[in-house]
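A short write-up of the structure that comes next.
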Protein chains: 6
Amino acid sequence: MTTVPTFAVRPTFLGLADDDPDSPICVAGIPFDVGTTNRAGARSGPPAIRQASRMLVDGDHPVHWVSAARLPLADIGDFAIALGDIAGSLAAIEKQAAPIKHLVALGGEHGITLPLLRALAKRTGPTALIHFDAHVDTWPENFGQSYAHGSVFYRAITQGLVEPRRMIQIGIRSPVERAVYDWTREQGVTIITAQDVHEQGSAGIAGKIRQVIGEGPVYFSFDIDVLDPAFAPGTGTPEVGGLASWQAQAIMRRLGGLHFVGMDLVEVCPAYDVAEITALAGATMVWEYLCLLDIAKS
Amino acid sequence: MTTVPTFAVRPTFLGLADDDPDSPICVAGIPFDVGTTNRAGARSGPPAIRQASRMLVDGDHPVHWVSAARLPLADIGDFAIALGDIAGSLAAIEKQAAPIKHLVALGGEHGITLPLLRALAKRTGPTALIHFDAHVDTWPENFGQSYAHGSVFYRAITQGLVEPRRMIQIGIRSPVERAVYDWTREQGVTIITAQDVHEQGSAGIAGKIRQVIGEGPVYFSFDIDVLDPAFAPGTGTPEVGGLASWQAQAIMRRLGGLHFVGMDLVEVCPAYDVAEITALAGATMVWEYLCLLDIAKS
Amino acid sequence: MTTVPTFAVRPTFLGLADDDPDSPICVAGIPFDVGTTNRAGARSGPPAIRQASRMLVDGDHPVHWVSAARLPLADIGDFAIALGDIAGSLAAIEKQAAPIKHLVALGGEHGITLPLLRALAKRTGPTALIHFDAHVDTWPENFGQSYAHGSVFYRAITQGLVEPRRMIQIGIRSPVERAVYDWTREQGVTIITAQDVHEQGSAGIAGKIRQVIGEGPVYFSFDIDVLDPAFAPGTGTPEVGGLASWQAQAIMRRLGGLHFVGMDLVEVCPAYDVAEITALAGATMVWEYLCLLDIAKS
Amino acid sequence: MTTVPTFAVRPTFLGLADDDPDSPICVAGIPFDVGTTNRAGARSGPPAIRQASRMLVDGDHPVHWVSAARLPLADIGDFAIALGDIAGSLAAIEKQAAPIKHLVALGGEHGITLPLLRALAKRTGPTALIHFDAHVDTWPENFGQSYAHGSVFYRAITQGLVEPRRMIQIGIRSPVERAVYDWTREQGVTIITAQDVHEQGSAGIAGKIRQVIGEGPVYFSFDIDVLDPAFAPGTGTPEVGGLASWQAQAIMRRLGGLHFVGMDLVEVCPAYDVAEITALAGATMVWEYLCLLDIAKS
Amino acid sequence: MTTVPTFAVRPTFLGLADDDPDSPICVAGIPFDVGTTNRAGARSGPPAIRQASRMLVDGDHPVHWVSAARLPLADIGDFAIALGDIAGSLAAIEKQAAPIKHLVALGGEHGITLPLLRALAKRTGPTALIHFDAHVDTWPENFGQSYAHGSVFYRAITQGLVEPRRMIQIGIRSPVERAVYDWTREQGVTIITAQDVHEQGSAGIAGKIRQVIGEGPVYFSFDIDVLDPAFAPGTGTPEVGGLASWQAQAIMRRLGGLHFVGMDLVEVCPAYDVAEITALAGATMVWEYLCLLDIAKS
Amino acid sequence: MTTVPTFAVRPTFLGLADDDPDSPICVAGIPFDVGTTNRAGARSGPPAIRQASRMLVDGDHPVHWVSAARLPLADIGDFAIALGDIAGSLAAIEKQAAPIKHLVALGGEHGITLPLLRALAKRTGPTALIHFDAHVDTWPENFGQSYAHGSVFYRAITQGLVEPRRMIQIGIRSPVERAVYDWTREQGVTIITAQDVHEQGSAGIAGKIRQVIGEGPVYFSFDIDVLDPAFAPGTGTPEVGGLASWQAQAIMRRLGGLHFVGMDLVEVCPAYDVAEITALAGATMVWEYLCLLDIAKS
C-alpha cells in the first residue's frame with residue numbers, strides 16, 4: 001500500500017514516478033482514434049486508464065502476489081501522433097515503438113496495433129497473437145478505409161506480422177460478413193466466440209489458448225469491447241452478449257509462462273464511460289498482464 | 001457491411017430505407033407510456049432503439065448468417081397514439097396493427113402488447129406466448145388502473161387472446177403477491193424465474209420453451225427489464241438479479257423453427273440509459289428475433 | 001401491493017410509516033463517510049437506498065413470500081454523526097445503536113460497522129460475522145489512519161468484537177498486501193474470493209457459510225462493492241471481477257435459520273450511481289436479509 | 001442553521017417535521033405527469049425538490065431574513081392521484097386541495113394547476129395570476145388532448161377561474177401559433193417575453209407585475225422551464241433563451257405585499273437533471289415565495 | 001402545432017417529410033470530425049440536432065411568426081464522407097454541396113465549412129461571413145495539420161473564398177497567439193469578443209454586423225462553442241465566458257434583410273451534452289436563421 | 001500553441017513539465033475535503049482541474065497576451081494530507097505551504113485556506129483578502145465542527161490572519177443567519193452580493209475591490225460555487241442565482257497591479273460535474289490570476 005490515499009496518487013499508470021524509456025517494461029499512451037467507425041473518443045483513453053489505475057496500488061495482486069513496486073516498469077507518457085492523419089500517425093507510432101524493449105500501450109483505437117506489430121516484427125519476426133475482442137477486425141477495409149480499426153488484423157496477417165496459425169481471438173460476437181469470418185479461419189486463426197466462453201468456462205478456454213500459442217513469442221491485444229457493455233460501456237463499438245470482466249481475468253490468470261513480448265489495451269472511450277468502470281476494467285487487464293510478466297521471470 | 005460508417009447510417013431501424021406498410025415484416029414504434037407505475041419515459045424508446053440498431057448492419061448475424069438486407073422488412077415509423085389517454089391509445093394501436101402482416105413493435109411500455117394481441121387474435125385466434133420479463137404482468141389491476149403495464153397478461157388471458165397453457169414467462173423475479181403468482185400458474189402458465197435461468201442454463205430453458213409452445217402460432221414479447229439493471233439500466237421498473245444479455249441471446253438462438261406471428265420489445269426508457277447500452281440490447285433482441293424468422297423461411 | 005404507485009411511495013425505507021425506535025427491527029441511516037480512501041460520498045447513501053427501496057413493496061418476496069407489511073419494522077431516520085470527526089462519529093454511532101433491539105444500518109462507509117459491533121458485543125459478546133466485500137478490510141491502518149474504512153475488521157478482531165473462526169468473507173478480490181491477507185487467515189477467518197464464487201456456485205458457498213457460522217448469533221455486513229462495478233458502479237472503491245447481484249441473492253436465500261442479530265449495507269455512493277441501480281441493489285440486499293428474519297420466526 | 005449537516009437533513013421540504021394538514025401553509029407533492037407532450041417524468045419531481053431543499057435551511061433568507069423555522073409550515077406529503085388517468089387525477093387533486101388553507105404544490109406537470117385553481121375559485125372566486133413559464137399554456141388542446149399541460153390556462157380562463165386582465169405571464173418564448181398568442185392577449189392577459197426580461201431588467205418587470213395584479217388575491221404558478229435549459233435542464237419541454245435563476249429571484253423579491261393565496265412549482269423532471277441543479281432552482285423559487293408570505297405578515 | 005405529440009415527431013430536421021435535394025432550401029447533416037483538436041465526437045451531431053429540433057414545430061416562431069410548414073425546406077439526410085480521411089472528406093463535401101441551391105449544414109466539426117465555402121465561391125465569388133465562435137479559427141495550422149478545425153478561416157481567407165473586410169467574428173474568447181489574432185485583424189476581419197457582447201448589448205452588436213456585411217451575399221457559420229459551456233456543454237473545445245443563448249438569438253433576430261446564401265451549425269458533440277440542451281440550442285439557432293430567410297422573402 | 005494536440009497534453013496544470021518547488025510560482029493540489037457540509041468529493045478536484053487546464057495552452061491569454069510558457073511556474077503535485085483527520089491535515093498543509101514562494105492551491109474544500117493564510121501570515125503578517133464565494137464562510141462553527149469549510153474566515157479573522165477592513169467578499173447569496181452576516185460586516189468586511197454584481201456591473205465591482213484592498217499584499221480565494229450552478233454544477237454546496245463565469249472574468253481582468261501573494265481555487269467536486277465545465281471554469285480562473293501576476297511584473 002502506498003503512503004498516500006488512493007485519491008491522491010499521481011495520475012501516471014500505477015502512480016509510477018519512473019519515466020525512463022530504457023526501462024525493461026514501458027507503459028505509453030497512444031491517443032489516436034481517427035479510424036473509428038462508430039462512436040468517437042478513444043483518444044481520451046490514456047489519462048482515464050491512468051487515473052483509474054490508482055486503485056491497483058493499494059496492495060499486491062491477490063493471486064499472483066505481485067506488487068507494482070516490484071516490476072521494472074516506467075510510464076513514459078504519450079506517443080506523438082499526427083493530428084487527423086491515419087498514415088502519418090501509424091508511421092509515427094511505429095517509429096516511437098521501435099526502440100522500446102517491452103511496450104504496453106494504452107489506446108487509442110485498435111488501429112494502433114498494426115504499427116506496434118510492425119515494430120515488433122522487425123525485431124522478432126512474426127509473433128503469435130492472443131486477441132480479446134468482440135470483433136474479428138479482419139475486414140479488408142472499413143467503409144472504404146484500409147487502415148480503420150476493423151482492418152488491423154487483416155493487415156497484420158497479409159503483411160506477415162503475425163502467424164495466423166498461432167493466433168487466437170476470444171469473445172467474438174459482432175455482426176460480420178460470412179466471407180470475412182471464413183477468410184479469417186482459413187488463414188488458420190482460431191476463433192472463440194463469447195458464447196463459447198460462457199458455455200465452456202475459463203479453464204477450457206485458457207487451455208485452448210495455450211495450445212494455439214505454444215512456446216514462441218506472443219503479443220497480447222485486449223480490446224475493451226470484448227467485455228459486455230454492462231462491464232465496459234465506455235467504448236466506441238459496443239456489442240451485447242460479451243464477457244464479464246471476471247471471465248477475462250480467470251482466463252488471463254491461467255496464461256502464466258507464455259513468452260509475452262508486448263501488449264495493448266485499446267478502445268476505452270471515456271466520454272461514454274460511467275463512474276470510471278470501463279477505465280478501471282482496462283487498467284485491471286493491463287495489471288493482470290504485467291503480473292504474468294513478473295511470474296514468468298520468477 | 002453498408003457503404004456508410006455506422007455513425008452515419010440513417011436512424012431508421014437497421015437503417016432501412018423501405019417504409020412500405022405492406023411489407024411482409026414491418027417494424028413500428030409505439031411511443032406510449034401512460035400506464036407505467038414507476039419511472040416514466042418509455043415513450044422515448046423507439047428513436048433510441050432505432051439509433052442503436054445501426055450497430056447491427058455492419059455485417060451478418062454471427063450465428064444465423066442472416067443480413068438485414070435479405071429480410072423483407074420495412075420500418076413504417078411510429079403509430080399514432082392518443083396523448084395522455086390509455087383507452088384511446090389502446091384502441092388506436094389495435095386499429096393500426098390490424099392490417100399489418102407481421103408486426104415487430106418497438107415500445108413504449110408493456111401495455112401496448114394488449115391491443116397488439118387483440119389485433120392478432122382476431123386473425124389467428126388465441127396464440128401461444130413467449131414472454132421475457134422480470135414481472136408476471138398478471139395483476140388484475142395496478143394501483144387502481146386496469147390497463148396499466150402490470151395487467152397486460154391478466155387481460156390477455158381473461159380476454160382469451162392467448163392460450164395460457166402455451167404461455168411461458170422467463171426471467172421472473174420481481175415482488176409479487178402470492179395470490180397473483182398462484183393465479184397465473186393455475187391458468188396453466190409456465191413460470192421460469194431468473195434464478196432458474198442462472199442455475200439451469202440456456203439450453204435447458206430453450207428446451208422447456210419449445211415444449212410449452214409446440215407447433216402453433218406464437219407471439220414473442222420481450223420486456224427489456226428481464227435483463228439485469230447492469231445490462232439494461234434504461235427502464236422504468238428495474239429489478240436486480242436478472243439475466244445477462246448473453247443468456248437471452250443463447251436462449252433465443254435455440255428457438256429456430258417456431259411459428260412466430262409477431263413481436264414486441266418494450267420498456268426501454270432512454271432517460272435512464274447510459275451510453276445507449278439498453279437501447280442496443282433492445283435492438284439486438286429484435287434482431288435475434290428477425291433472424292429466427294429468416295431461418296424459419298429457409 | 002400498496003395503494004399508491006411506486007413513484008409516489010413515501011421515501012422512507014420500504015415506505016414505512018412507523019418510526020418507533022422500540023420496534024423489534026429498526027432501519028436507520030448512518031451518513032458517515034469521513035474515513036473513505038478513494039471516491040467520496042457514501043454519506044449520501046441513506047436517502048438513495050430509501051428511495052430505491054420503494055420498488056420492493058409492489059408485492060411479496062418471490063421466494064420467501066414475505067411482505068414488508070408483515071415485518072415488525074420501523075425506519076427511525078438517520079443517526080446523528082459528528083461532522084468531519086471520525087472518533088466523535090464512531091462514539092456517537094455506538095451510543096445511538098446501543099438501545100436498538102435489532103438494527104439494520106444503511107451506510108455510509110464501512111467504518112460504521114465497528115461501533116455497531118461494539119454496541120452489539122456489549123450485549124451479546126463477540127458474534128459470528130458474514131461479510132460480503134471486495135476487500136478484507138483488515139488493514140491495521142489505511143494510509144496512516146487507524147479508523148478508516150479498510151481497518152474495520154482488524155479493529156473488530158483485535159478488540160474481540162467478533163469471533164474470527166466464525167467469520168467468513170465472500171467476494172474478496174482487491175489488491176492487498178500478502179501480510180494482511182495471511183494475518184487475516186491466521187486469525188481463523190475464512191476467505192472466499194469472487195473467483196471462488198464464480199467457479200463453485202451459490203449453493204456450495206452457502207453451505208460453506210453455514211458451516212463456518214454455526215448456531216450462535218451472527219452479524220451480517222454487506223459492502224456493496226462485493227458486486228462487480230457493472231452491477232454497483234455507485235461506490236467508492238470499485239474492483240472489477242465481482243459478483244453479479246443474482247449470485248449474492250442466491251447465496252443469501254440459502255441462509256435461512258441462522259441466528260441473525262444485526263446487519264449493515266454500506267458504501268453506496270450515489271454520486272457515482274447510474275439510474276439508481278446501485279441503490280436498488282443495496283435496498284434489495286437489505287430486503288433479502290429482512291426476509292430471512294421473517295422466515296426464521298415462522 | 002439546523003443542528004444536523006445539510007446532507008443528513010430529513011428529506012421533507014425544508015426538513016420539516018410538521019405534517020399537519022391544518023397548518024396555515026401546507027406544502028404537498030403532486031406526482032402527476034400523464035399530460036406531458038414531450039419528455040416524460042415530472043412525476044418524480046416532488047422527492048427531488050424536497051431533497052434539494054435541504055440546502056435552504058442552513059440559515060435565513062439573505063434578503064428577507066426569514067428562517068424556515070419561523071413559518072407556520074407543514075409538509076403534508078403527496079396527494080393521491082389516479083394512475084394513468086387525467087380526468088380522475090384532476091378530480092382527485094381538486095378534492096384534496098379543497099380543505100387546505102394555503103397550498104404550495106410541488107409538481108408534477110403544469111396540468112395540476114387547473115384543479116388547484118378550481119379548488120381556490122370555489123372559495124375566493126377568480127384570482128389574479130402571476131405565471132412564470134416559457135409557454136403561454138393557453139392552447140385549446142394539445143395534440144388532441146384537452147387537459148394536457150399546454151391547455152391549463154385556456155381552461156382556467158374559459159372556466160372563469162382566473163381574471164385574465166389581472167393575469168401576467170413572464171418568460172414566454174416557445175413556438176406558438178399566432179392565433180393562440182393573439183387570443184391570449186385578447187383576453188386581457190399581459191405577456192412578458194424572456195427577451196423583455198433580458199432587456200428591461202428585473203425592477204421594471206416587477207413593477208409591471210404589481211401594476212397588473214393590484215390588490216386582490218393572486219395565485220403564483222412557476223413552471224421551471226421559464227429558466228433557460230442551462231439553469232434548468234431537468235424539465236420536459238425546455239426552450240433556449242430563458243431566464244437566469246437570478247432574474248427570477250430579482251423579480252420575485254420585489255413582489256412583497258401582494259395578496260398571495262397559493263403557489264405551484266411545476267415541471268421539474270429529475271431524469272434529465274444534472275447535479276440536482278434544476279431541483280435546487282425549483283426549491284429555491286418556492287422558498288422565495290414562502291418568504292414573501294412571511295414578510296407580508298410582518 | 002403538428003398533429004402528433006412532440007416526442008413522436010419523425011426525427012428529421014423539424015420533422016420534415018420532404019427530402020428532395022432540389023428544394024429551395026436543404027438541410028443536410030455532415031458527420032465529419034476527424035480534424036478536431038480536443039474532445040472527439042461531432043460526427044454524432046446531426047441525429048442529435050434533428051431529434052432536438054422536434055421541439056420547434058409546436059407552433060410558429062414567437063417573433064417572426066414563421067412556421068416550419070411555410071418554408072420551402074427539405075431534409076436531404078447526411079452527406080457521405082470518407083472515413084478517417086480529411087482531404088477525401090473535404091472533397092466529397094464540396095462535390096455534394098455544389099448542386100444544392102441553399103444549404104443549411106448540420107456538423108460535424110468546423111472543418112466542413114471550408115468545402116462549403118468553396119462550393120459557394122464557385123457560384124457566387126467570395127462572400128461576406130458572419131461567424132459566431134469562441135475561436136478565431138485562423139491558425140495557419142493546428143498541431144501540424146493544415147485542415148484541422150482551427151484553420152478553416154485561414155484557408156478561406158487565403159484561398160479567396162470570403163471577403164475578409166466583410167467578415168465579422170462574434171464571441172471570440174479562446175487562448176490564441178497574438179500573431180494569429182493580429183494577422184486576422186490585418187486582413188480586415190472585425191473581431192467582437194464575448195466580453196464585447198456582454199458589455200455592449202445585442203442591438204449594438206447587430207448594428208455592427210449589418211455595417212460590416214452590407215448588401216452582398218453573406219454566409220452564416222455558427223459554432224456552438226460561441227455559447228458558454230453552461231449553455232452548450234456538448235462540444236469539443238469549450239471556453240468559459242461565452243454567450244448566453246438568448247444573446248445569440250437577440251443578435252440574430254436583428255439581422256433580417258441580409259442576403260444570406262448558406263449556413264452551417266457546427267461542433268455539437270452529443271457525448272458531452274446533457275439533457276439535449278446543446279443539441280436544442282443548435283437546432284434553435286438553425287431555426288432562427290431559417291426564419292430570417294422567410295422574412296427576407298416576404 | 002503547444003506542439004501536441006490539446007487532448008494529448010500532459011495532465012499537469014497547463015501541461016507544465018517543471019515541478020521544482022523553488023519556482024517563483026508553484027501550483028499544488030490539496031486533495032482535502034473532510035470538512036464539507038453537504039455533497040462530498042472536492043478531494044478529486046486537483047486532477048480534474050489539471051486535465052481541464054490543457055485547453056488553456058492553445059495560445060496566449062486573449063486580453064493580457066500572456067502565455068503559460070512565459071510564467072516562472074511549476075506544478076509541484078499534491079500536498080500530503082492526513083486521511084480523515086481535519087486537524088492533522090490543516091497542520092500538514094500549513095507546513096508544506098510554508099517554504100513555497102508564491103502558492104496557487106487547487107482544492108479540495110475551502111477549509112484548506114486557513115492553513116494557507118496561516119503560513120502566509122507568518123511571513124507577511126495579516127493580508128488583505130479578495131474572496132469570491134456564494135457563502136460568507138464566517139460561521140463560528142458548522143454543525144458542531146469548528147474547522148469545517150464554512151468557518152474558515154471566522155477563524156482567519158479571529159486569528160488575525162487577514163485584515164477584515166481590507167477584506168471583500170463577492171457573490172454572496174446563500175442562506176445565512178443574520179447574526180453571522182452582521183458580525184462579518186461589523187468586523188469591517190465588505191460584502192458584495194451576487195445580485196449586486198448582476199445589477200452594478202463588473203467595472204463598478206472591480207473598482208470597489210481596488211478601493212477596499214489598496215496597496216498592501218492581498219490573498220485571492222476563489223470558491224467555485226460563486227458561479228451559478230449552471231456554470232459550476234460540480235460543487236458541494238451550490239446556490240442558485242450566482243455569477244456567470246464571464247462576470248468573474250470581467251472583474252478579475254480589472255484587478256491588474258494589485259500586490260497578490262497567493263491564491264486558491266476551491267470546491268470543485270468532479271463527481272457532480274458535467275462535461276468538465278466546472279473544472280474548466282476553475283482552471284480558467286486560476287489562469288486569469290496567473291496572468292495578473294505576469295502583467296504586474298511587466
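A note on labels: chains of the C-alpha cells are A, B, ... as shown, every chain counts residues from 1, and ligands are counted from 1 in their shown order.
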
DSSP strand (DSSP E or B) residues within region 49-293 of chain E, as a ChimeraX atom specification:
/E:73-78,85,103-107,127-132,142,145,162-172,190-193,217-223,227,243,259-266

I need the residues from that last selection saved to file as a short mmCIF file (atom, residue, chain, number, x, y, z; two decimals), in the first residue's frame (with C-alpha atoms), if you can.
```cif
data_model
loop_
_atom_site.label_atom_id
_atom_site.label_comp_id
_atom_site.auth_asym_id
_atom_site.auth_seq_id
_atom_site.Cartn_x
_atom_site.Cartn_y
_atom_site.Cartn_z
CA LEU E 73 -37.44 23.23 -46.95
CA ALA E 74 -36.21 19.64 -47.21
CA ASP E 75 -34.03 17.46 -45.01
CA ILE E 76 -31.94 15.55 -47.51
CA GLY E 77 -30.14 13.33 -45.00
CA ASP E 78 -26.41 13.14 -44.46
CA ASP E 85 -9.62 10.95 -44.33
CA LEU E 103 -27.61 24.60 -47.99
CA VAL E 104 -28.01 24.56 -44.23
CA ALA E 105 -25.41 22.13 -42.92
CA LEU E 106 -25.52 20.36 -39.56
CA GLY E 107 -21.99 19.42 -38.49
CA THR E 127 -18.93 36.02 -49.82
CA ALA E 128 -19.26 38.02 -46.67
CA LEU E 129 -19.20 35.99 -43.49
CA ILE E 130 -20.94 36.18 -40.12
CA HIS E 131 -19.05 33.87 -37.79
CA PHE E 132 -20.21 33.07 -34.25
CA ASN E 142 -3.30 23.14 -35.88
CA GLN E 145 -2.42 19.67 -39.52
CA VAL E 162 -14.52 35.08 -48.29
CA GLU E 163 -14.04 38.82 -48.30
CA PRO E 164 -12.19 39.48 -45.05
CA ARG E 165 -13.34 43.09 -44.87
CA ARG E 166 -16.92 41.85 -44.95
CA MET E 167 -16.19 39.19 -42.34
CA ILE E 168 -17.12 39.53 -38.67
CA GLN E 169 -16.45 37.16 -35.79
CA ILE E 170 -18.64 37.30 -32.69
CA GLY E 171 -17.99 35.74 -29.29
CA ILE E 172 -14.22 35.26 -29.60
CA THR E 190 -13.80 42.52 -37.48
CA ILE E 191 -13.50 40.67 -34.15
CA ILE E 192 -16.16 41.07 -31.48
CA THR E 193 -15.18 39.34 -28.26
CA PRO E 217 -24.26 37.74 -50.28
CA VAL E 218 -23.34 36.55 -46.82
CA TYR E 219 -22.64 33.13 -45.39
CA PHE E 220 -23.54 32.35 -41.78
CA SER E 221 -21.36 29.99 -39.73
CA PHE E 222 -22.40 29.22 -36.18
CA ASP E 223 -20.01 27.25 -34.00
CA LEU E 227 -22.20 29.77 -26.29
CA LEU E 243 -22.63 33.99 -24.78
CA HIS E 259 -28.70 38.45 -48.30
CA PHE E 260 -27.99 35.04 -46.81
CA VAL E 261 -26.65 32.33 -49.10
CA GLY E 262 -25.96 29.45 -46.74
CA MET E 263 -25.41 28.38 -43.16
CA ASP E 264 -23.75 25.81 -41.01
CA LEU E 265 -24.16 24.88 -37.38
CA VAL E 266 -21.11 23.02 -36.19
#
```

Would you tabulate, counting only C-alpha atoms, all residues of chain D that have an atom at most 10 Å from an atom of chain E, showing the closest pair of atoms and their distance in Å to one decimal, sorted by chain then ascending number, as a tab-separated table?
```
residue	atom	partner	partner_atom	distance
D:Thr36	CA	E:Pro5	CA	9.1
D:Thr37	CA	E:Pro5	CA	5.6
D:Asn38	CA	E:Phe7	CA	4.7
D:Arg39	CA	E:Phe7	CA	6.7
D:Ala40	CA	E:Phe7	CA	9.1
D:Trp139	CA	E:Met1	CA	9.7
D:Asn142	CA	E:Pro5	CA	7.9
D:Phe143	CA	E:Thr3	CA	5.4
D:Gly144	CA	E:Thr3	CA	7.6
D:Gln145	CA	E:Pro5	CA	10.0
D:Ile172	CA	E:Pro62	CA	8.8
D:Arg173	CA	E:Pro62	CA	6.3
D:Ser174	CA	E:Pro62	CA	6.6
D:Pro175	CA	E:Gly59	CA	4.5
D:Val176	CA	E:Gly59	CA	3.9
D:Glu177	CA	E:Gly59	CA	4.6
D:Arg178	CA	E:Trp65	CA	6.6
D:Ala179	CA	E:Asp60	CA	9.8
D:Val180	CA	E:Gly59	CA	9.3
D:Tyr181	CA	E:Pro62	CA	8.7
D:Thr193	CA	E:Pro62	CA	9.3
D:Ala194	CA	E:Trp246	CA	8.4
D:Gln195	CA	E:Trp246	CA	7.3
D:His198	CA	E:Trp246	CA	8.2
D:Glu199	CA	E:Gly201	CA	9.0
D:Asp228	CA	E:Phe231	CA	8.3
D:Pro229	CA	E:Ile277	CA	6.2
D:Ala230	CA	E:Phe231	CA	4.8
D:Phe231	CA	E:Ala230	CA	8.0
D:Ala232	CA	E:Ile277	CA	9.7
D:Pro233	CA	E:Ala275	CA	6.0
D:Gly234	CA	E:Ala275	CA	7.1
D:Thr235	CA	E:Ala275	CA	8.7
D:Gly236	CA	E:Ala275	CA	9.6
D:Thr237	CA	E:Met55	CA	7.4
D:Pro238	CA	E:Ile277	CA	7.9
D:Glu239	CA	E:Leu280	CA	7.8
D:Val240	CA	E:Ala281	CA	6.1
D:Gly241	CA	E:Trp246	CA	3.9
D:Gly242	CA	E:Trp246	CA	6.8
D:Leu243	CA	E:Trp246	CA	8.7
D:Ala244	CA	E:Ala244	CA	9.5
D:Ala271	CA	E:Ala275	CA	8.7
D:Tyr272	CA	E:Ala275	CA	5.2
D:Asp273	CA	E:Ala275	CA	7.2
D:Val274	CA	E:Val274	CA	7.5
```

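Between CA of Gln96 (chain F) and CA of Ala80 (chain F) the interatomic distance comes to 8.2 Å.
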
Which residues come within 9 Å of Pro47 (chain E), counting only C-alpha atoms, excluding same-chain residues fewer than 2 positions away, as a PyMOL selection string?
(chain B and resi 8+10-11+51) or (chain E and resi 11-13+29+44-45+49-52)

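In this model, the gap between CA of Ala279 (chain E) and CA of Asp18 (chain E) comes to 21.8 Å.
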
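Interatomic distance, CA of Glu109 (chain F) against CA of Thr113 (chain C): 27.1 Å.
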
Select from region 80-252 of chain A everything DSSP, run on the backbone, classes as alpha helix (DSSP H), then give the selection as a PyMOL selection string.
chain A and resi 86-97+113-124+152-158+178-186+194-200+202-213+245-252

How would the residues just chosen look if you wrote them out with C-alpha atoms as a compact mmCIF listing (two decimals), in the first residue's frame?
```txt
# COMPACT_ATOMS: atom_id res chain seq x y z
CA ILE A 86 -4.02 7.93 -40.23
CA ALA A 87 -0.96 7.16 -42.34
CA GLY A 88 1.16 9.76 -40.60
CA SER A 89 0.11 8.56 -37.20
CA LEU A 90 0.77 4.91 -37.91
CA ALA A 91 4.24 5.73 -39.15
CA ALA A 92 4.94 7.88 -36.09
CA ILE A 93 3.72 5.17 -33.75
CA GLU A 94 5.90 2.53 -35.33
CA LYS A 95 8.93 4.75 -35.08
CA GLN A 96 8.38 5.56 -31.43
CA ALA A 97 7.67 1.93 -30.55
CA THR A 113 -1.85 -2.31 -33.00
CA LEU A 114 -0.71 -2.52 -36.62
CA PRO A 115 2.37 -0.27 -36.26
CA LEU A 116 3.13 -1.84 -32.89
CA LEU A 117 3.19 -5.28 -34.51
CA ARG A 118 5.24 -3.92 -37.34
CA ALA A 119 7.85 -2.54 -34.98
CA LEU A 120 7.91 -5.86 -33.18
CA ALA A 121 8.10 -7.98 -36.30
CA LYS A 122 11.20 -6.14 -37.39
CA ARG A 123 12.87 -7.37 -34.25
CA THR A 124 11.34 -10.79 -33.68
CA VAL A 152 -5.92 -4.13 -38.27
CA PHE A 153 -5.57 -7.91 -38.28
CA TYR A 154 -6.32 -8.23 -41.99
CA ARG A 155 -3.26 -6.04 -42.49
CA ALA A 156 -1.25 -7.84 -39.79
CA ILE A 157 -1.91 -11.19 -41.43
CA THR A 158 -1.42 -10.14 -45.02
CA ARG A 178 -19.55 -14.61 -43.54
CA ALA A 179 -16.81 -14.15 -46.13
CA VAL A 180 -14.71 -12.14 -43.69
CA TYR A 181 -15.25 -14.73 -40.98
CA ASP A 182 -14.43 -17.63 -43.24
CA TRP A 183 -11.33 -15.94 -44.61
CA THR A 184 -10.06 -15.45 -41.09
CA ARG A 185 -10.47 -19.09 -40.22
CA GLU A 186 -8.97 -20.15 -43.50
CA ALA A 194 -18.30 -15.01 -26.46
CA GLN A 195 -20.91 -17.76 -26.22
CA ASP A 196 -18.07 -20.31 -26.29
CA VAL A 197 -16.59 -18.60 -23.25
CA HIS A 198 -19.94 -18.55 -21.46
CA GLU A 199 -20.53 -22.22 -22.15
CA GLN A 200 -17.05 -23.77 -21.95
CA SER A 202 -12.44 -20.13 -18.32
CA ALA A 203 -10.16 -23.10 -17.73
CA GLY A 204 -11.09 -24.70 -21.03
CA ILE A 205 -10.57 -21.50 -22.95
CA ALA A 206 -7.21 -20.89 -21.31
CA GLY A 207 -6.14 -24.39 -22.23
CA LYS A 208 -7.12 -23.79 -25.83
CA ILE A 209 -5.13 -20.57 -25.89
CA ARG A 210 -2.01 -22.24 -24.54
CA GLN A 211 -2.38 -24.95 -27.15
CA VAL A 212 -2.65 -22.48 -30.03
CA ILE A 213 0.12 -20.20 -28.88
CA SER A 245 -14.62 -8.91 -16.52
CA TRP A 246 -14.14 -11.84 -14.13
CA GLN A 247 -14.11 -14.18 -17.12
CA ALA A 248 -11.33 -12.25 -18.79
CA GLN A 249 -9.38 -12.30 -15.54
CA ALA A 250 -9.96 -16.01 -14.99
CA ILE A 251 -8.60 -16.75 -18.45
CA MET A 252 -5.63 -14.41 -18.19
```
